file target-v5.cif (mmCIF, C-alpha atoms)
data_start
loop_
_atom_site.label_atom_id
_atom_site.label_comp_id
_atom_site.auth_asym_id
_atom_site.auth_seq_id
_atom_site.Cartn_x
_atom_site.Cartn_y
_atom_site.Cartn_z
CA MET A 1 17.05 47.19 43.44
CA LYS A 2 15.90 44.07 45.16
CA TYR A 3 17.64 40.78 44.55
CA GLN A 4 15.43 37.85 43.65
CA PHE A 5 16.73 34.66 45.19
CA ASP A 6 16.54 31.76 42.83
CA PHE A 7 17.29 28.48 44.54
CA LYS A 8 15.28 26.55 41.98
CA ALA A 9 17.86 26.90 39.24
CA VAL A 10 20.45 25.44 41.60
CA LEU A 11 18.26 22.70 42.98
CA GLU A 12 17.52 21.56 39.46
CA ALA A 13 21.16 20.55 39.28
CA TRP A 14 20.64 18.11 42.15
CA PRO A 15 22.21 15.13 40.34
CA ASP A 16 25.45 17.10 40.09
CA LEU A 17 25.27 18.10 43.75
CA LEU A 18 24.62 14.50 44.74
CA ARG A 19 27.56 13.36 42.63
CA GLY A 20 29.68 16.01 44.34
CA CYS A 21 28.69 14.75 47.78
CA TRP A 22 29.53 11.19 46.79
CA LEU A 23 32.93 12.23 45.38
CA THR A 24 33.71 14.26 48.50
CA LEU A 25 32.76 11.37 50.78
CA SER A 26 34.74 8.78 48.84
CA MET A 27 37.77 11.05 48.50
CA SER A 28 37.68 11.75 52.24
CA SER A 29 37.26 8.08 53.14
CA ILE A 30 40.18 6.98 50.99
CA SER A 31 42.40 9.74 52.39
CA MET A 32 41.25 8.81 55.87
CA VAL A 33 42.44 5.22 55.47
CA PHE A 34 45.76 6.28 53.92
CA GLY A 35 46.20 9.03 56.51
CA LEU A 36 45.64 6.62 59.37
CA SER A 37 48.16 4.19 57.86
CA ILE A 38 50.71 6.98 57.48
CA GLY A 39 50.10 7.99 61.08
CA LEU A 40 50.59 4.43 62.32
CA ILE A 41 53.80 3.99 60.33
CA CYS A 42 55.14 7.30 61.62
CA VAL A 43 54.41 6.37 65.23
CA LEU A 44 56.04 2.96 64.79
CA ALA A 45 59.07 4.61 63.16
CA ARG A 46 59.37 7.02 66.06
CA GLN A 47 59.06 4.19 68.58
CA SER A 48 61.69 2.15 66.79
CA GLY A 49 64.45 3.97 68.65
CA SER A 50 66.24 5.06 65.50
CA ARG A 51 67.25 8.71 65.86
CA SER A 52 67.15 9.53 62.18
CA ALA A 53 63.71 7.94 61.77
CA SER A 54 62.21 9.95 64.60
CA LEU A 55 63.90 13.12 63.32
CA LEU A 56 62.38 12.52 59.90
CA VAL A 57 58.93 11.90 61.36
CA ASN A 58 59.15 15.07 63.46
CA ALA A 59 60.15 17.15 60.45
CA PHE A 60 57.27 15.70 58.41
CA VAL A 61 54.72 16.36 61.15
CA GLU A 62 55.88 19.92 61.85
CA ILE A 63 56.09 20.91 58.19
CA ILE A 64 52.59 19.67 57.44
CA ARG A 65 51.07 21.12 60.58
CA ASN A 66 52.63 24.56 60.15
CA THR A 67 51.86 25.23 56.49
CA PRO A 68 48.46 25.84 54.88
CA PHE A 69 46.82 22.91 53.13
CA LEU A 70 46.36 25.06 50.02
CA VAL A 71 50.13 25.48 49.66
CA GLN A 72 50.64 21.74 50.17
CA VAL A 73 48.22 20.96 47.34
CA PHE A 74 49.79 23.60 45.08
CA PHE A 75 53.24 22.19 45.83
CA LEU A 76 52.18 18.67 44.84
CA PHE A 77 50.07 19.60 41.83
CA PHE A 78 51.90 22.60 40.34
CA GLY A 79 55.35 22.13 41.88
CA LEU A 80 56.20 18.48 41.34
CA PRO A 81 55.78 18.50 37.52
CA ALA A 82 58.85 20.78 37.47
CA ILE A 83 60.93 17.75 38.45
CA GLY A 84 59.02 15.46 36.13
CA VAL A 85 56.48 14.06 38.58
CA ARG A 86 53.13 14.74 36.98
CA LEU A 87 50.11 13.88 39.12
CA SER A 88 46.48 14.00 38.06
CA ALA A 89 44.37 16.48 40.02
CA GLY A 90 42.48 13.71 41.77
CA PHE A 91 45.64 11.85 42.75
CA ALA A 92 47.35 15.02 43.98
CA ALA A 93 44.25 15.80 46.04
CA VAL A 94 44.12 12.37 47.68
CA LEU A 95 47.88 12.42 48.27
CA ALA A 96 47.77 15.87 49.88
CA LEU A 97 44.78 14.96 52.04
CA SER A 98 46.41 11.69 53.12
CA LEU A 99 49.70 13.35 54.04
CA ASN A 100 47.87 16.10 55.88
CA CYS A 101 45.68 13.66 57.77
CA GLY A 102 48.71 11.44 58.41
CA ALA A 103 50.65 14.20 60.15
CA PHE A 104 47.79 15.09 62.46
CA ALA A 105 47.01 11.39 63.07
CA THR A 106 50.66 10.83 64.05
CA GLU A 107 50.38 13.39 66.83
CA ILE A 108 47.05 12.02 68.02
CA ILE A 109 48.19 8.34 68.02
CA ARG A 110 51.47 9.26 69.74
CA GLY A 111 49.48 10.93 72.51
CA GLY A 112 47.44 7.76 72.96
CA VAL A 113 50.44 5.44 72.98
CA GLU A 114 52.27 7.63 75.48
CA ALA A 115 49.25 7.53 77.77
CA ILE A 116 49.66 3.75 78.21
CA ASN A 117 51.02 2.84 81.60
CA LYS A 118 54.45 1.23 81.27
CA GLY A 119 53.63 -1.20 84.05
CA GLN A 120 50.96 -2.77 81.88
CA ILE A 121 53.46 -3.52 79.14
CA GLU A 122 55.84 -5.05 81.69
CA ALA A 123 52.95 -7.08 83.04
CA GLY A 124 52.33 -8.31 79.51
CA TYR A 125 55.93 -9.45 79.19
CA ALA A 126 55.73 -11.10 82.60
CA LEU A 127 52.70 -13.04 81.38
CA GLY A 128 54.76 -14.27 78.45
CA LEU A 129 52.90 -12.40 75.72
CA LYS A 130 54.65 -11.90 72.39
CA ARG A 131 55.71 -8.44 71.22
CA LEU A 132 52.95 -8.31 68.64
CA GLN A 133 50.34 -9.40 71.16
CA ILE A 134 51.49 -6.74 73.57
CA PHE A 135 51.35 -4.08 70.89
CA ARG A 136 47.93 -5.17 69.72
CA ASP A 137 46.14 -5.93 72.97
CA ILE A 138 47.87 -3.82 75.59
CA VAL A 139 49.06 -0.79 73.66
CA MET A 140 46.80 -0.44 70.65
CA ARG A 141 43.33 -1.19 71.91
CA PRO A 142 43.30 1.05 74.99
CA ALA A 143 45.18 3.71 73.04
CA LEU A 144 42.57 3.56 70.28
CA ARG A 145 39.85 4.00 72.85
CA ALA A 146 41.62 7.03 74.29
CA ILE A 147 42.26 8.73 70.95
CA TYR A 148 38.98 7.82 69.25
CA PRO A 149 37.25 11.18 69.88
CA ALA A 150 40.25 13.22 68.67
CA LEU A 151 40.74 10.97 65.66
CA THR A 152 37.13 11.15 64.53
CA ALA A 153 37.15 14.94 64.95
CA GLN A 154 40.20 14.96 62.69
CA PHE A 155 38.33 12.92 60.10
CA THR A 156 35.45 15.39 60.09
CA LEU A 157 38.02 18.15 59.62
CA LEU A 158 39.44 16.19 56.70
CA LEU A 159 36.01 16.15 55.05
CA LEU A 160 35.82 19.94 55.38
CA THR A 161 39.42 20.45 54.25
CA SER A 162 38.75 18.44 51.10
CA SER A 163 36.78 21.43 49.74
CA ILE A 164 40.14 23.15 49.11
CA VAL A 165 41.25 20.61 46.47
CA SER A 166 38.71 22.19 44.11
CA SER A 167 41.38 24.87 43.59
CA VAL A 168 43.47 22.37 41.60
CA SER A 169 40.30 21.27 39.80
CA ALA A 170 40.03 17.94 41.57
CA GLU A 171 36.42 16.86 41.32
CA GLU A 172 34.34 16.94 44.48
CA LEU A 173 31.41 18.91 45.87
CA THR A 174 32.97 22.40 45.78
CA TYR A 175 34.20 21.77 42.25
CA ASP A 176 30.70 20.76 41.17
CA ALA A 177 29.29 23.81 42.94
CA GLN A 178 31.67 26.03 40.99
CA ARG A 179 30.58 24.36 37.77
CA ILE A 180 26.91 24.91 38.57
CA GLU A 181 27.74 28.52 39.43
CA SER A 182 29.33 29.06 36.04
CA ILE A 183 26.17 27.79 34.33
CA THR A 184 23.46 29.41 36.47
CA PHE A 185 25.34 32.53 37.72
CA ARG A 186 23.60 31.99 41.05
CA SER A 187 26.76 32.29 43.13
CA PHE A 188 25.23 32.87 46.54
CA GLU A 189 22.53 30.22 46.16
CA VAL A 190 24.98 27.56 44.94
CA TYR A 191 27.46 28.08 47.75
CA PHE A 192 24.73 28.40 50.34
CA ILE A 193 23.33 25.01 49.36
CA ALA A 194 26.79 23.45 49.08
CA THR A 195 27.62 24.73 52.57
CA GLY A 196 24.42 23.13 53.82
CA LEU A 197 25.39 19.84 52.20
CA TYR A 198 28.80 19.90 53.89
CA PHE A 199 27.08 20.59 57.20
CA LEU A 200 24.79 17.65 56.64
CA MET A 201 27.68 15.34 55.74
CA SER A 202 29.81 16.35 58.73
CA ALA A 203 26.80 15.99 61.05
CA LEU A 204 26.01 12.51 59.68
CA LEU A 205 29.65 11.53 60.02
CA GLY A 206 29.58 12.75 63.61
CA VAL A 207 26.51 10.62 64.41
CA LEU A 208 28.05 7.60 62.66
CA PHE A 209 31.36 7.89 64.55
CA HIS A 210 29.53 8.36 67.82
CA SER A 211 27.47 5.18 67.31
CA ILE A 212 30.51 3.16 66.25
CA GLY A 213 32.36 4.41 69.31
CA ARG A 214 29.55 3.37 71.60
CA ILE A 215 29.42 -0.13 70.14
CA TYR A 216 33.13 -0.92 69.83
CA PHE A 217 34.71 1.01 72.65
CA SER A 218 32.30 0.47 75.48
CA TYR A 219 33.95 -1.38 78.35
CA PRO A 220 32.85 -5.02 78.66
CA LYS A 221 30.15 -5.35 81.25
CA ALA A 222 31.16 -7.55 84.14
CA MET B 1 58.63 32.84 31.01
CA ARG B 2 61.23 35.09 32.55
CA ASP B 3 63.94 35.00 35.15
CA LEU B 4 63.40 35.40 38.85
CA VAL B 5 64.21 38.99 39.76
CA PHE B 6 64.52 40.94 43.00
CA ASN B 7 61.08 42.44 42.42
CA ASP B 8 59.57 38.97 42.75
CA VAL B 9 61.02 38.69 46.23
CA LEU B 10 59.56 42.09 47.10
CA PHE B 11 56.21 40.93 45.70
CA LEU B 12 56.29 37.85 47.93
CA LEU B 13 57.16 39.96 50.96
CA GLN B 14 54.24 42.24 50.08
CA GLY B 15 52.04 39.13 50.12
CA LEU B 16 53.52 38.10 53.46
CA LYS B 17 52.64 41.53 54.83
CA TRP B 18 49.01 41.08 53.79
CA THR B 19 48.89 37.58 55.28
CA ILE B 20 50.08 39.01 58.59
CA ILE B 21 47.64 41.94 58.46
CA LEU B 22 44.74 39.64 57.59
CA SER B 23 45.70 37.27 60.42
CA LEU B 24 45.83 40.12 62.94
CA ILE B 25 42.44 41.45 61.82
CA ALA B 26 40.94 37.96 62.07
CA LEU B 27 42.50 37.48 65.51
CA ALA B 28 41.24 40.83 66.83
CA GLY B 29 37.79 40.49 65.27
CA GLY B 30 37.55 36.79 66.10
CA GLY B 31 38.63 37.55 69.66
CA LEU B 32 35.82 40.09 70.04
CA VAL B 33 33.20 37.79 68.50
CA GLY B 34 34.63 34.86 70.45
CA LEU B 35 34.29 36.69 73.78
CA VAL B 36 30.64 37.49 73.07
CA ILE B 37 30.02 33.89 71.96
CA ALA B 38 31.75 32.43 75.01
CA LEU B 39 29.83 34.67 77.42
CA ALA B 40 26.51 33.98 75.67
CA ARG B 41 27.30 30.25 75.69
CA VAL B 42 27.60 30.20 79.50
CA SER B 43 24.85 32.75 80.18
CA ALA B 44 21.70 31.97 82.12
CA SER B 45 19.43 32.57 79.10
CA ARG B 46 18.41 29.41 77.28
CA ILE B 47 17.80 31.27 74.04
CA LEU B 48 21.28 32.80 74.04
CA ARG B 49 22.84 29.43 74.82
CA GLY B 50 20.84 27.74 72.05
CA LEU B 51 21.75 30.39 69.50
CA THR B 52 25.46 30.18 70.27
CA ILE B 53 25.40 26.39 70.18
CA CYS B 54 23.93 26.62 66.65
CA TYR B 55 26.43 29.30 65.62
CA ILE B 56 29.39 27.21 66.76
CA ALA B 57 27.99 24.00 65.23
CA VAL B 58 27.42 25.60 61.82
CA LEU B 59 30.79 27.36 61.59
CA GLN B 60 32.70 24.32 62.87
CA GLY B 61 30.71 21.93 60.69
CA THR B 62 31.20 23.64 57.32
CA PRO B 63 34.37 24.31 55.32
CA LEU B 64 36.02 27.70 55.81
CA LEU B 65 36.33 28.05 52.04
CA LEU B 66 32.56 27.77 51.57
CA GLN B 67 31.99 30.21 54.43
CA LEU B 68 34.19 32.72 52.63
CA PHE B 69 32.25 32.16 49.38
CA VAL B 70 28.91 32.67 51.11
CA VAL B 71 30.09 35.87 52.83
CA TYR B 72 31.70 37.19 49.66
CA PHE B 73 28.71 36.61 47.40
CA GLY B 74 26.16 37.24 50.16
CA LEU B 75 27.50 40.70 50.96
CA ALA B 76 27.51 41.49 47.26
CA LEU B 77 23.78 40.69 47.16
CA LEU B 78 23.11 43.12 49.99
CA ASN B 79 24.43 45.79 47.65
CA PHE B 80 27.61 46.31 49.58
CA SER B 81 30.23 46.68 46.92
CA ILE B 82 33.08 45.24 48.92
CA SER B 83 36.54 44.21 47.93
CA ALA B 84 37.66 40.62 48.30
CA TRP B 85 39.85 41.34 51.28
CA VAL B 86 37.03 42.89 53.34
CA ALA B 87 34.88 39.82 52.64
CA VAL B 88 37.72 37.52 53.65
CA ALA B 89 38.37 39.54 56.81
CA ILE B 90 34.70 39.29 57.78
CA GLY B 91 34.57 35.56 56.96
CA LEU B 92 37.71 34.78 58.92
CA THR B 93 36.44 36.87 61.84
CA LEU B 94 33.15 34.97 62.01
CA ASN B 95 34.98 31.64 61.73
CA ALA B 96 37.64 32.47 64.33
CA GLY B 97 34.89 33.78 66.60
CA ALA B 98 33.19 30.38 66.65
CA PHE B 99 36.38 28.45 67.42
CA LEU B 100 37.72 30.93 69.98
CA GLY B 101 34.27 31.16 71.56
CA ASP B 102 34.24 27.39 71.99
CA ILE B 103 37.78 27.32 73.40
CA TRP B 104 37.08 30.13 75.85
CA ARG B 105 33.79 28.62 76.96
CA GLY B 106 35.80 25.60 78.05
CA GLY B 107 38.12 27.90 79.99
CA ILE B 108 35.26 29.69 81.73
CA GLU B 109 33.65 26.39 82.67
CA ALA B 110 36.99 25.16 84.04
CA VAL B 111 36.93 27.88 86.72
CA PRO B 112 35.50 26.22 89.86
CA GLY B 113 31.89 27.19 90.59
CA GLY B 114 32.87 28.34 94.07
CA GLN B 115 34.65 31.32 92.54
CA SER B 116 31.46 32.53 90.94
CA GLN B 117 29.48 31.94 94.12
CA ALA B 118 32.07 33.78 96.22
CA ALA B 119 31.98 36.72 93.82
CA ASN B 120 28.20 36.72 94.11
CA ALA B 121 28.40 36.61 97.90
CA LEU B 122 30.74 39.60 97.84
CA GLY B 123 28.05 41.49 95.96
CA LEU B 124 29.96 41.76 92.68
CA ARG B 125 27.81 42.44 89.64
CA TYR B 126 28.04 40.49 86.40
CA VAL B 127 30.64 42.70 84.70
CA SER B 128 32.94 42.84 87.68
CA ARG B 129 32.44 39.15 88.43
CA MET B 130 33.49 38.23 84.90
CA ARG B 131 36.22 40.83 84.43
CA ASP B 132 37.86 40.60 87.83
CA VAL B 133 37.23 37.04 88.97
CA ILE B 134 36.29 34.52 86.26
CA LEU B 135 37.99 35.66 83.05
CA PRO B 136 41.51 36.20 84.53
CA GLN B 137 41.46 32.61 85.80
CA ALA B 138 40.02 31.28 82.56
CA PHE B 139 42.67 33.18 80.60
CA ARG B 140 45.48 31.07 82.09
CA VAL B 141 43.73 27.86 81.08
CA VAL B 142 42.89 28.85 77.50
CA LEU B 143 46.15 30.59 76.62
CA PRO B 144 47.89 27.51 75.09
CA ALA B 145 44.88 26.56 72.94
CA THR B 146 44.40 30.19 71.89
CA VAL B 147 48.01 30.52 70.75
CA GLY B 148 47.62 27.19 68.96
CA PHE B 149 44.52 28.45 67.18
CA MET B 150 46.46 31.47 65.90
CA VAL B 151 48.29 28.98 63.69
CA GLN B 152 44.93 27.89 62.26
CA ILE B 153 44.04 31.54 61.57
CA ILE B 154 47.29 32.17 59.68
CA LYS B 155 46.81 29.00 57.63
CA GLY B 156 43.18 29.94 57.02
CA THR B 157 44.12 33.28 55.47
CA SER B 158 45.64 31.34 52.56
CA LEU B 159 42.10 30.65 51.33
CA ALA B 160 41.79 34.36 50.51
CA ALA B 161 43.91 33.43 47.50
CA ILE B 162 41.00 31.40 46.06
CA ILE B 163 38.64 34.38 46.43
CA GLY B 164 41.20 36.42 44.53
CA PHE B 165 42.94 38.47 47.19
CA THR B 166 46.70 38.69 46.74
CA GLU B 167 48.16 37.55 50.03
CA LEU B 168 51.17 35.26 50.40
CA SER B 169 49.77 32.15 48.65
CA ARG B 170 48.33 34.10 45.74
CA SER B 171 51.48 36.16 45.24
CA GLY B 172 53.45 32.90 45.27
CA GLN B 173 51.11 31.52 42.63
CA LEU B 174 51.49 34.64 40.48
CA VAL B 175 55.29 34.62 40.69
CA ALA B 176 55.32 30.88 40.00
CA ASN B 177 53.26 31.42 36.85
CA ALA B 178 55.41 34.31 35.66
CA THR B 179 58.81 32.71 36.30
CA PHE B 180 57.73 29.12 35.67
CA ARG B 181 59.38 27.97 38.87
CA PRO B 182 56.44 26.45 40.78
CA LEU B 183 58.49 24.01 42.86
CA LEU B 184 60.81 26.71 44.17
CA MET B 185 58.05 29.27 44.65
CA PHE B 186 55.65 27.06 46.57
CA GLY B 187 58.60 25.76 48.58
CA VAL B 188 59.54 29.33 49.52
CA VAL B 189 55.94 30.27 50.28
CA GLY B 190 55.59 27.16 52.44
CA ALA B 191 58.80 28.07 54.28
CA MET B 192 57.46 31.58 54.93
CA TYR B 193 54.26 30.18 56.42
CA PHE B 194 56.36 27.77 58.46
CA ALA B 195 58.45 30.65 59.79
CA LEU B 196 55.24 32.36 60.93
CA CYS B 197 53.49 29.31 62.35
CA TYR B 198 56.21 27.14 63.91
CA PRO B 199 57.18 29.61 66.69
CA LEU B 200 53.51 29.88 67.64
CA SER B 201 53.08 26.09 67.67
CA ALA B 202 56.20 25.70 69.81
CA LEU B 203 55.03 28.45 72.16
CA SER B 204 51.64 26.77 72.49
CA VAL B 205 53.26 23.47 73.46
CA ARG B 206 55.50 25.22 76.01
CA LEU B 207 52.59 27.09 77.57
CA GLU B 208 50.67 23.84 77.75
CA ARG B 209 53.52 22.17 79.63
CA ARG B 210 53.87 25.07 82.04
CA LEU B 211 50.14 24.95 82.73
CA ALA B 212 50.28 21.20 83.33
CA VAL B 213 53.14 21.63 85.81
CA SER B 214 51.48 24.45 87.75
CA ARG B 215 48.40 22.35 88.32
#

call {"tool": "encode", "arguments": {"input": "target-v5.cif", "output": "structure tokens"}}
result
Amino acid sequence: MKYQFDFKAVLEAWPDLLRGCWLTLSMSSISMVFGLSIGLICVLARQSGSRSASLLVNAFVEIIRNTPFLVQVFFLFFGLPAIGVRLSAGFAAVLALSLNCGAFATEIIRGGVEAINKGQIEAGYALGLKRLQIFRDIVMRPALRAIYPALTAQFTLLLLTSSIVSSVSAEELTYDAQRIESITFRSFEVYFIATGLYFLMSALLGVLFHSIGRIYFSYPKA
Amino acid sequence: MRDLVFNDVLFLLQGLKWTIILSLIALAGGGLVGLVIALARVSASRILRGLTICYIAVLQGTPLLLQLFVVYFGLALLNFSISAWVAVAIGLTLNAGAFLGDIWRGGIEAVPGGQSQAANALGLRYVSRMRDVILPQAFRVVLPATVGFMVQIIKGTSLAAIIGFTELSRSGQLVANATFRPLLMFGVVGAMYFALCYPLSALSVRLERRLAVSR
């Protein structure tokens, strides 16, 4: 028996696929912003010198990094209602993605901040700069330049990870693919095309990040 | 809805066993594929290099879940009647191969070119040059990242649950549904993954430090 590939039936559902791509991109972008904020807050908390704060941040980072994302999503979506916290699938998905991204961002940002030479901060104080100015201009900007490649790679990973939230029926590309599959019964074709779409999105994101990096993080020409 | 019984714990441990087995298969298979990929990636042939670059780009640029779907349904089309766990093992192997291949390529390239030239000058052939000179030195460099990637493999096996294979996550889900204790169950399942992954993460960091000191 020879299998007849039928990509047409799947391609006819292109508005759904396009919608899925859009939902995936917007969900990833939102989680990216929240994740970055969580990472920044965690790093600041760890730098604050409070022992309990840095202990808490460490526990958060290690727990997230050493458990599968699927279990994190299940915990938030299926687990929390047991104590009366009922989240919609979409909200649980964004929350899980943000926390996940936040933990990895914390590690990446910490690495960047630690790479800053202490002498530069002291020089900043000697020049009479305020604490905020020192943080912004002497710590943050060079650190951002140093961590930019790792951070953008993490964002691409976030886009790919977001496919897992379909398992709690949060709507994005994989969810739409599953819906098309249940209508057309063209399992292989649907997932093949969806995989291609993810590849396209992550490649475009890569190009976009690369161009942004070249514009914003190039050293000023003397 | 029923009470949590001892059998549920056994069921979870059964799932844990399958998660470990699946991880080991993926590590062994991915290691084999990864070695081939890494060697092809640094070979003299342009075609081989181009092919491996594409392989790595595609498997690193698409979600693991979709890769598992494509393998699972793709193999079914080829008239292989395979069980879910074989499909997942193959999918994880291909995925781990791409990542390990990329990590190891970096290690091979980190070995100074003089080593390769010296081996050439001594008349060593390709196999001996790689096995006796280049790879042992590369091994030291890539060990921390490789141990770190084992954590990714273990976490990746959880996606087998979505395909329908009963490993740790799926067994946790089943027990949670039966006993109606999702918070506890997913907490326990998470703790089990943590117990597997944290020692590896810590080891990876320690190896990294030791490597940094010895340099």

call {"tool": "residues_around", "arguments": {"input": "target-v5.cif", "residues": "segment 148-161 of chain A", "least_positions_apart": "3", "cutoff": "9 Å", "atoms": "all atoms listed in the file", "output": "PDB file with C-alpha atoms, in the frame of the given file"}}
result
ATOM      1  CA  THR A  24      33.710  14.260  48.500  1.00  0.00           C
ATOM      2  CA  LEU A  25      32.760  11.370  50.780  1.00  0.00           C
ATOM      3  CA  MET A  27      37.770  11.050  48.500  1.00  0.00           C
ATOM      4  CA  SER A  28      37.680  11.750  52.240  1.00  0.00           C
ATOM      5  CA  SER A  29      37.260   8.080  53.140  1.00  0.00           C
ATOM      6  CA  SER A  31      42.400   9.740  52.390  1.00  0.00           C
ATOM      7  CA  MET A  32      41.250   8.810  55.870  1.00  0.00           C
ATOM      8  CA  PHE A  69      46.820  22.910  53.130  1.00  0.00           C
ATOM      9  CA  LEU A  97      44.780  14.960  52.040  1.00  0.00           C
ATOM     10  CA  ASN A 100      47.870  16.100  55.880  1.00  0.00           C
ATOM     11  CA  CYS A 101      45.680  13.660  57.770  1.00  0.00           C
ATOM     12  CA  PHE A 104      47.790  15.090  62.460  1.00  0.00           C
ATOM     13  CA  ALA A 105      47.010  11.390  63.070  1.00  0.00           C
ATOM     14  CA  ILE A 108      47.050  12.020  68.020  1.00  0.00           C
ATOM     15  CA  ILE A 109      48.190   8.340  68.020  1.00  0.00           C
ATOM     16  CA  ALA A 143      45.180   3.710  73.040  1.00  0.00           C
ATOM     17  CA  LEU A 144      42.570   3.560  70.280  1.00  0.00           C
ATOM     18  CA  ARG A 145      39.850   4.000  72.850  1.00  0.00           C
ATOM     19  CA  ILE A 164      40.140  23.150  49.110  1.00  0.00           C
ATOM     20  CA  VAL A 165      41.250  20.610  46.470  1.00  0.00           C
ATOM     21  CA  TYR A 198      28.800  19.900  53.890  1.00  0.00           C
ATOM     22  CA  PHE A 199      27.080  20.590  57.200  1.00  0.00           C
ATOM     23  CA  MET A 201      27.680  15.340  55.740  1.00  0.00           C
ATOM     24  CA  SER A 202      29.810  16.350  58.730  1.00  0.00           C
ATOM     25  CA  ALA A 203      26.800  15.990  61.050  1.00  0.00           C
ATOM     26  CA  LEU A 205      29.650  11.530  60.020  1.00  0.00           C
ATOM     27  CA  GLY A 206      29.580  12.750  63.610  1.00  0.00           C
ATOM     28  CA  PHE A 209      31.360   7.890  64.550  1.00  0.00           C
ATOM     29  CA  HIS A 210      29.530   8.360  67.820  1.00  0.00           C
ATOM     30  CA  GLY A 213      32.360   4.410  69.310  1.00  0.00           C
ATOM     31  CA  PHE A 217      34.710   1.010  72.650  1.00  0.00           C
TER      32      PHE A 217
ATOM     33  CA  GLN B  60      32.700  24.320  62.870  1.00  0.00           C
ATOM     34  CA  GLY B  61      30.710  21.930  60.690  1.00  0.00           C
ATOM     35  CA  THR B  62      31.200  23.640  57.320  1.00  0.00           C
ATOM     36  CA  PRO B  63      34.370  24.310  55.320  1.00  0.00           C
ATOM     37  CA  LEU B  64      36.020  27.700  55.810  1.00  0.00           C
ATOM     38  CA  LEU B  65      36.330  28.050  52.040  1.00  0.00           C
TER      39      LEU B  65
END

call {"tool": "interface_residues", "arguments": {"input": "target-v5.cif", "of": "chain B", "to": "chain A", "cutoff": "6 Å", "atoms": "all atoms listed in the file", "output": "VMD selection string"}}
result
chain B and resid 61 to 63 66 70 73 to 74 155 182 to 183 186 190 193 to 194 197 to 198

call {"tool": "write_last_selection", "arguments": {"input": "target-v5.cif", "atoms": "C-alpha atoms", "output": "PDB file, keeping the file's coordinate frame"}}
result
ATOM      1  CA  GLY B  61      30.710  21.930  60.690  1.00  0.00           C
ATOM      2  CA  THR B  62      31.200  23.640  57.320  1.00  0.00           C
ATOM      3  CA  PRO B  63      34.370  24.310  55.320  1.00  0.00           C
ATOM      4  CA  LEU B  66      32.560  27.770  51.570  1.00  0.00           C
ATOM      5  CA  VAL B  70      28.910  32.670  51.110  1.00  0.00           C
ATOM      6  CA  PHE B  73      28.710  36.610  47.400  1.00  0.00           C
ATOM      7  CA  GLY B  74      26.160  37.240  50.160  1.00  0.00           C
ATOM      8  CA  LYS B 155      46.810  29.000  57.630  1.00  0.00           C
ATOM      9  CA  PRO B 182      56.440  26.450  40.780  1.00  0.00           C
ATOM     10  CA  LEU B 183      58.490  24.010  42.860  1.00  0.00           C
ATOM     11  CA  PHE B 186      55.650  27.060  46.570  1.00  0.00           C
ATOM     12  CA  GLY B 190      55.590  27.160  52.440  1.00  0.00           C
ATOM     13  CA  TYR B 193      54.260  30.180  56.420  1.00  0.00           C
ATOM     14  CA  PHE B 194      56.360  27.770  58.460  1.00  0.00           C
ATOM     15  CA  CYS B 197      53.490  29.310  62.350  1.00  0.00           C
ATOM     16  CA  TYR B 198      56.210  27.140  63.910  1.00  0.00           C
TER      17      TYR B 198
END

call {"tool": "residues_around", "arguments": {"input": "target-v5.cif", "residues": "Asp16 of chain A", "least_positions_apart": "5", "cutoff": "12 Å", "atoms": "all atoms listed in the file", "output": "PyMOL selection string"}}
result
chain A and resi 10-11+21-23+171-181+190+194

call {"tool": "residues_around", "arguments": {"input": "target-v5.cif", "residues": "segment 30-42 of chain B", "least_positions_apart": "3", "cutoff": "9 Å", "atoms": "all atoms listed in the file", "output": "PyMOL selection string"}}
result
chain B and resi 25-27+45+48-53+55-56+92-106+108-109

call {"tool": "atom_distance", "arguments": {"input": "target-v5.cif", "atom1": "atom CA of Phe180 of chain B", "atom2": "atom CA of Asp3 of chain B"}}
result
8.6 Å

call {"tool": "resolve_selection", "arguments": {"input": "target-v5.cif", "expression": "the PyMOL selection byres ((chain B and resi 89) around 9)", "output": "number ranges by chain"}}
result
B: 22-23, 25-26, 29, 84-88, 90-94, 157, 160

call {"tool": "write_last_selection", "arguments": {"input": "target-v5.cif", "atoms": "C-alpha atoms", "output": "short mmCIF file (atom, residue, chain, number, x, y, z; two decimals), in the frame of the given file"}}
result
data_model
loop_
_atom_site.label_atom_id
_atom_site.label_comp_id
_atom_site.auth_asym_id
_atom_site.auth_seq_id
_atom_site.Cartn_x
_atom_site.Cartn_y
_atom_site.Cartn_z
CA LEU B 22 44.74 39.64 57.59
CA SER B 23 45.70 37.27 60.42
CA ILE B 25 42.44 41.45 61.82
CA ALA B 26 40.94 37.96 62.07
CA GLY B 29 37.79 40.49 65.27
CA ALA B 84 37.66 40.62 48.30
CA TRP B 85 39.85 41.34 51.28
CA VAL B 86 37.03 42.89 53.34
CA ALA B 87 34.88 39.82 52.64
CA VAL B 88 37.72 37.52 53.65
CA ILE B 90 34.70 39.29 57.78
CA GLY B 91 34.57 35.56 56.96
CA LEU B 92 37.71 34.78 58.92
CA THR B 93 36.44 36.87 61.84
CA LEU B 94 33.15 34.97 62.01
CA THR B 157 44.12 33.28 55.47
CA ALA B 160 41.79 34.36 50.51
#

call {"tool": "residues_around", "arguments": {"input": "target-v5.cif", "residues": "segment 4-20 of chain B", "least_positions_apart": "5", "cutoff": "10 Å", "atoms": "all atoms listed in the file", "output": "PyMOL selection string"}}
result
chain B and resi 25-26+85+153-158+160+165-176+178-181+185+188-189+192-193+196

call {"tool": "closest_residue", "arguments": {"input": "target-v5.cif", "among": "B:Ser43, B:Ser214, B:Gln67, B:Ser201", "to": "Thr146 of chain B", "atoms": "all atoms listed in the file"}}
result
B:Ser201
